[in-house]
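> The structure under discussion is supplied below as structure tokens; questions concerning it will follow.
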Amino acid sequence: MKKKTIRDIDVRGKRVLLRVDYNVQVEDGQVVDDVRLRESLPTIRALRDAGACIIICSHQGRPRGVDPNLRNAPIGRHLTQLLGVAVKNVEECIGPEVEAAAKALKPGELLMLENLRFHAEEEENDEEFSKALARLADIYVNDAFGTAHRAHASTVGVTQHLPAVAGLLLEREVDYLTRVTDNPDRPFGIVLGGSKVSDKIAILENLTRCADVICIGGAIANTFLKARGIDVADSLVENDGLAGARYIMALAEHRGGIEIVLPSDVVVAFGGAAAGQVRTVSVAQVPVNWRILDVGPGTVQAFADALAPMHTVVWNGPLGLFEREPFDRGSIAMARILSELHATTVVGGGETVAALNRAGVADRVSHVSTGGGASLAMLQGKSLPAVDALLDV
């Protein structure tokens, strides 16, 4: 990473504004999934060990003004449990009272600000709001990879008023994704799923220059199958994406040596996911009025065979209607396959990561990305505004 990190600055006795991504589910005042909190702990501990006074800021949800259900206090309480150190909470994120609380911090102490998005100025990258955040600290550290693709006040605006460096999580995320997008250890395999073809076309256009195998599942596979002239009956197809699918297949053929693996068998349902009639069929035999909702076991095996020789594999997007059983089986099987590869494996996207967790193999892949939109942007070859805003090495 060609940006300065917390290793490059002296934070002893300094107030550090630490931007994290704690946009997590909270129910009845309890954090449901604390993965994002745990991922931020190395940076927090490193700053505490270095003698910093730490002011933590994050957004949560998409509130319109103040929403009592989206306050950061429950997250602060959970962080206290994880760290074994008290995290103080304030009910605002800017203003005189917050500034006083920040100035009162001693080295090693932590202060959690209120939800940044209670102020519309956060997402507007408002100059005055950025300055108000900057007044709280001496140094800014961004460890919120999940929001790095957004130019908001707390990710970009504040960097105009404070020395700005990366935290350890942001550094690790960018390094892993840069490695697989710029110079992967080959042969290089890609597994793509999900439903939005336009997002994945941009990834494929960027990565076909270095990919050797591309396995396509999920609803986007329906569009590719239809582009090849296969009747997918009542399945979800993005008709606006047909030209893009044909372009990618032609591009792979033109560049040579790129194998695109599409489903050979699929799990279908009559009348949608809740109808109860489910069977596995060849892609050439999808019955009229039936809908493809997952890849079949033959497809899973074909993906496994194609990926076995790879040295690097990236997976983004579920291979079926993951939120409904039994249409999660293809994604869970894919998770287990990745966990057994002798390769660098990088996984991104909320449902894709959920498949790893459901299969119990999240700790057996090389890197699990915490940022859906940010990892998608990097795979598409786009720069991240929040990373660009940090100090260069």
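Residues in the structure tokens are numbered from 1 in each chain, the chains being A, B, ... in the order shown, and ligands are numbered from 1 in the order shown.
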Looking only at the backbone, which of the residues in range 77-194 of chain A does DSSP tag as strand (DSSP E or B), as an NGL selection string?
:A and (87-89 or 110-112 or 139-142 or 164-166 or 188-192)
> Using only C-alpha atoms, which residues sit within 9 Å of range 173-180 of chain A once same-chain residues fewer than 3 positions away are excluded, as a count of residues only?
22
> As an exercise, work out the distance from CA of Ser58 in chain A to CA of Asn72 in chain A in Å and give it to one decimal place.
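Interatomic distance here is 8.1 Å.
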> Pick the closest to Phe327 in chain A from A:Ile230, A:Val158, A:Val267, A:Cys215: which is it, counting only C-alpha atoms?
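Once distances to Phe327 in chain A are computed over only C-alpha atoms, the minimum belongs to A:Val267.
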> Quick one: residues within 8 Å of Ala219 in chain A, only C-alpha atoms counted, chain neighbours fewer than 5 positions away excluded, as a list in words?
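Near Ala219 in chain A, the qualifying residues are Gly193, Gly194, Ser195, Lys196, Ser235, Leu236, Val237, Ile292, Leu293, Leu319 and Gly320 of chain A.
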> Considering only C-alpha atoms, return as a CSV table (one decimal) with C-alpha atoms, in the first residue's frame whatever protein or nucleic-acid residues lie within 12 Å of Ile220 in chain A, sequence-local ones (same chain, fewer than 2 positions apart) excluded.

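Contents of selection.csv, freshly written:
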```
chain,number,residue,atom,x,y,z
A,191,VAL,CA,-16.0,-17.2,-9.1
A,192,LEU,CA,-18.8,-14.7,-9.6
A,193,GLY,CA,-22.5,-14.9,-8.5
A,194,GLY,CA,-25.2,-12.6,-7.3
A,195,SER,CA,-27.9,-11.0,-9.3
A,196,LYS,CA,-26.7,-7.7,-10.8
A,197,VAL,CA,-25.0,-8.3,-14.1
A,198,SER,CA,-23.8,-4.8,-14.6
A,199,ASP,CA,-21.6,-4.9,-11.4
A,200,LYS,CA,-20.0,-8.2,-12.5
A,201,ILE,CA,-19.5,-7.2,-16.1
A,215,CYS,CA,-16.9,-19.7,-13.0
A,216,ILE,CA,-20.3,-17.9,-13.1
A,217,GLY,CA,-23.3,-18.8,-11.0
A,218,GLY,CA,-26.2,-17.0,-9.3
A,222,ASN,CA,-29.0,-17.0,-16.2
A,223,THR,CA,-28.2,-13.9,-18.3
A,224,PHE,CA,-25.0,-15.6,-19.6
A,225,LEU,CA,-26.9,-18.8,-20.4
A,226,LYS,CA,-29.6,-16.8,-22.3
A,227,ALA,CA,-26.9,-14.9,-24.1
A,232,VAL,CA,-34.0,-20.4,-18.9
A,235,SER,CA,-35.7,-17.5,-14.4
A,236,LEU,CA,-34.5,-14.0,-13.4
A,237,VAL,CA,-32.7,-12.5,-16.4
A,238,GLU,CA,-31.2,-9.0,-16.8
A,239,ASN,CA,-32.1,-8.4,-20.4
A,240,ASP,CA,-30.1,-5.1,-20.4
A,241,GLY,CA,-27.1,-7.2,-19.5
A,242,LEU,CA,-27.3,-9.6,-22.4
A,244,GLY,CA,-22.5,-7.2,-21.8
A,245,ALA,CA,-22.5,-11.0,-21.3
A,262,LEU,CA,-21.3,-21.8,-16.8
A,263,PRO,CA,-23.8,-24.0,-15.0
A,292,ILE,CA,-33.5,-21.4,-11.7
A,293,LEU,CA,-32.6,-20.7,-8.0
A,294,ASP,CA,-29.3,-22.5,-7.5
A,295,VAL,CA,-26.5,-24.3,-9.2
A,316,ASN,CA,-17.8,-12.5,-5.1
A,317,GLY,CA,-21.5,-13.2,-5.0
A,318,PRO,CA,-23.6,-16.2,-3.9
A,319,LEU,CA,-24.3,-19.0,-6.4
A,320,GLY,CA,-28.0,-19.2,-5.7
A,321,LEU,CA,-30.9,-17.7,-3.7
```
> Within 7 Å of Asp138 in chain A, counting only C-alpha atoms, which residues qualify if same-chain residues fewer than 3 places away don't, as a PyMOL selection string?
chain A and resi 14-16+162
> Near Ala252 in chain A, within 10 Å and counting only C-alpha atoms, which residues show up once chain neighbours fewer than 2 positions away are dropped, as an mmCIF file with N, CA and C atoms, in the first residue's frame?

```cif
data_model
loop_
_atom_site.group_PDB
_atom_site.id
_atom_site.type_symbol
_atom_site.label_atom_id
_atom_site.label_comp_id
_atom_site.auth_asym_id
_atom_site.auth_seq_id
_atom_site.Cartn_x
_atom_site.Cartn_y
_atom_site.Cartn_z
ATOM 1 N N LEU A 204 -15.434 -8.423 -14.638
ATOM 2 C CA LEU A 204 -14.918 -9.326 -15.665
ATOM 3 C C LEU A 204 -14.099 -8.586 -16.711
ATOM 4 N N GLU A 205 -14.575 -7.411 -17.098
ATOM 5 C CA GLU A 205 -13.824 -6.629 -18.084
ATOM 6 C C GLU A 205 -12.453 -6.260 -17.539
ATOM 7 N N THR A 208 -10.359 -10.012 -16.902
ATOM 8 C CA THR A 208 -10.077 -10.974 -17.974
ATOM 9 C C THR A 208 -8.662 -10.813 -18.515
ATOM 10 N N ARG A 209 -8.027 -9.669 -18.241
ATOM 11 C CA ARG A 209 -6.640 -9.488 -18.696
ATOM 12 C C ARG A 209 -5.681 -10.423 -17.978
ATOM 13 N N ALA A 211 -7.140 -13.301 -15.883
ATOM 14 C CA ALA A 211 -7.845 -14.498 -15.419
ATOM 15 C C ALA A 211 -7.569 -15.683 -16.332
ATOM 16 N N ASP A 212 -7.568 -16.866 -15.728
ATOM 17 C CA ASP A 212 -7.427 -18.106 -16.489
ATOM 18 C C ASP A 212 -8.727 -18.907 -16.494
ATOM 19 N N VAL A 213 -9.474 -18.832 -15.392
ATOM 20 C CA VAL A 213 -10.755 -19.533 -15.268
ATOM 21 C C VAL A 213 -11.777 -18.590 -14.653
ATOM 22 N N ILE A 214 -12.980 -18.551 -15.231
ATOM 23 C CA ILE A 214 -14.074 -17.743 -14.687
ATOM 24 C C ILE A 214 -15.288 -18.647 -14.516
ATOM 25 N N ARG A 246 -22.514 -11.163 -23.719
ATOM 26 C CA ARG A 246 -21.923 -11.577 -25.009
ATOM 27 C C ARG A 246 -20.556 -10.936 -25.206
ATOM 28 N N TYR A 247 -20.418 -9.687 -24.781
ATOM 29 C CA TYR A 247 -19.138 -8.982 -24.910
ATOM 30 C C TYR A 247 -18.052 -9.678 -24.100
ATOM 31 N N ILE A 248 -18.364 -10.066 -22.870
ATOM 32 C CA ILE A 248 -17.373 -10.729 -22.017
ATOM 33 C C ILE A 248 -16.967 -12.074 -22.612
ATOM 34 N N MET A 249 -17.928 -12.834 -23.109
ATOM 35 C CA MET A 249 -17.594 -14.132 -23.707
ATOM 36 C C MET A 249 -16.739 -13.954 -24.957
ATOM 37 N N ALA A 250 -17.043 -12.920 -25.746
ATOM 38 C CA ALA A 250 -16.226 -12.638 -26.931
ATOM 39 C C ALA A 250 -14.836 -12.154 -26.530
ATOM 40 N N HIS A 254 -11.312 -13.768 -27.477
ATOM 41 C CA HIS A 254 -10.314 -12.959 -28.189
ATOM 42 C C HIS A 254 -8.970 -12.971 -27.469
ATOM 43 N N ARG A 255 -9.008 -12.863 -26.151
ATOM 44 C CA ARG A 255 -7.760 -12.831 -25.384
ATOM 45 C C ARG A 255 -7.121 -14.209 -25.286
ATOM 46 N N GLY A 256 -7.905 -15.246 -25.444
ATOM 47 C CA GLY A 256 -7.380 -16.604 -25.510
ATOM 48 C C GLY A 256 -6.967 -17.165 -24.170
ATOM 49 N N GLY A 257 -7.122 -18.464 -24.015
ATOM 50 C CA GLY A 257 -6.676 -19.142 -22.807
ATOM 51 C C GLY A 257 -7.544 -18.922 -21.589
ATOM 52 N N ILE A 258 -8.714 -18.289 -21.760
ATOM 53 C CA ILE A 258 -9.613 -18.035 -20.629
ATOM 54 C C ILE A 258 -10.803 -18.982 -20.727
ATOM 55 N N GLU A 259 -10.995 -19.788 -19.703
ATOM 56 C CA GLU A 259 -12.101 -20.738 -19.670
ATOM 57 C C GLU A 259 -13.254 -20.152 -18.864
ATOM 58 N N ILE A 260 -14.404 -19.987 -19.507
ATOM 59 C CA ILE A 260 -15.610 -19.556 -18.801
ATOM 60 C C ILE A 260 -16.463 -20.790 -18.527
#
```
> Rounded to one decimal place, report the CA of Asn142 in chain A-CA of Ala386 in chain A distance in Å.
8.0 Å
> Return the single residue from A:Leu376, A:Arg358, A:Leu307, A:His152 that is closest to Ala343 in chain A, with distances computed using only C-alpha atoms.
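That would be A:Leu307, the residue with the smallest distance to Ala343 in chain A.
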> Range 331-333 of chain A: which residues within 8 Å, counting only C-alpha atoms, same-chain residues fewer than 2 positions away excluded, as a list in words?
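Listing them by chain and then by number gives Val300, Pro318, Leu319, Gly320, Phe322, Asp328, Arg329, Ala335, Arg336, Ile337, Thr352, Ala355, Leu356, Arg358 and Ala359 of chain A.
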> Convert the current residue selection to file output with C-alpha atoms, as an mmCIF file, in the first residue's frame.

```cif
data_model
loop_
_atom_site.group_PDB
_atom_site.id
_atom_site.type_symbol
_atom_site.label_atom_id
_atom_site.label_comp_id
_atom_site.auth_asym_id
_atom_site.auth_seq_id
_atom_site.Cartn_x
_atom_site.Cartn_y
_atom_site.Cartn_z
ATOM 1 C CA VAL A 300 -20.363 -27.459 -8.237
ATOM 2 C CA PRO A 318 -23.649 -16.226 -3.944
ATOM 3 C CA LEU A 319 -24.334 -19.007 -6.450
ATOM 4 C CA GLY A 320 -28.047 -19.200 -5.680
ATOM 5 C CA PHE A 322 -28.786 -17.961 -0.613
ATOM 6 C CA ASP A 328 -28.090 -22.091 -0.278
ATOM 7 C CA ARG A 329 -26.460 -25.469 -0.896
ATOM 8 C CA ALA A 335 -17.259 -22.261 0.408
ATOM 9 C CA ARG A 336 -16.002 -25.710 1.360
ATOM 10 C CA ILE A 337 -14.254 -26.114 -1.990
ATOM 11 C CA THR A 352 -20.664 -14.736 0.172
ATOM 12 C CA ALA A 355 -21.801 -18.770 3.130
ATOM 13 C CA LEU A 356 -18.300 -19.162 4.571
ATOM 14 C CA ARG A 358 -22.536 -21.151 7.508
ATOM 15 C CA ALA A 359 -20.070 -23.729 6.167
#
```
> Find the residue from A:Val393, A:Leu113, A:Ile56, A:Val66 that sits nearest to Val141 in chain A; use only C-alpha atoms when measuring.
A:Ile56
> For the atom pair CA of Ala144 in chain A and CA of Gly61 in chain A, what is the interatomic distance in Å to one decimal place?
14.6 Å
> When you count only C-alpha atoms, which of these residues is closest to Ser282 in chain A: A:Arg172, A:Ala243, A:Leu37, A:Asp231?
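Under the stated criterion, the closest residue is A:Asp231.
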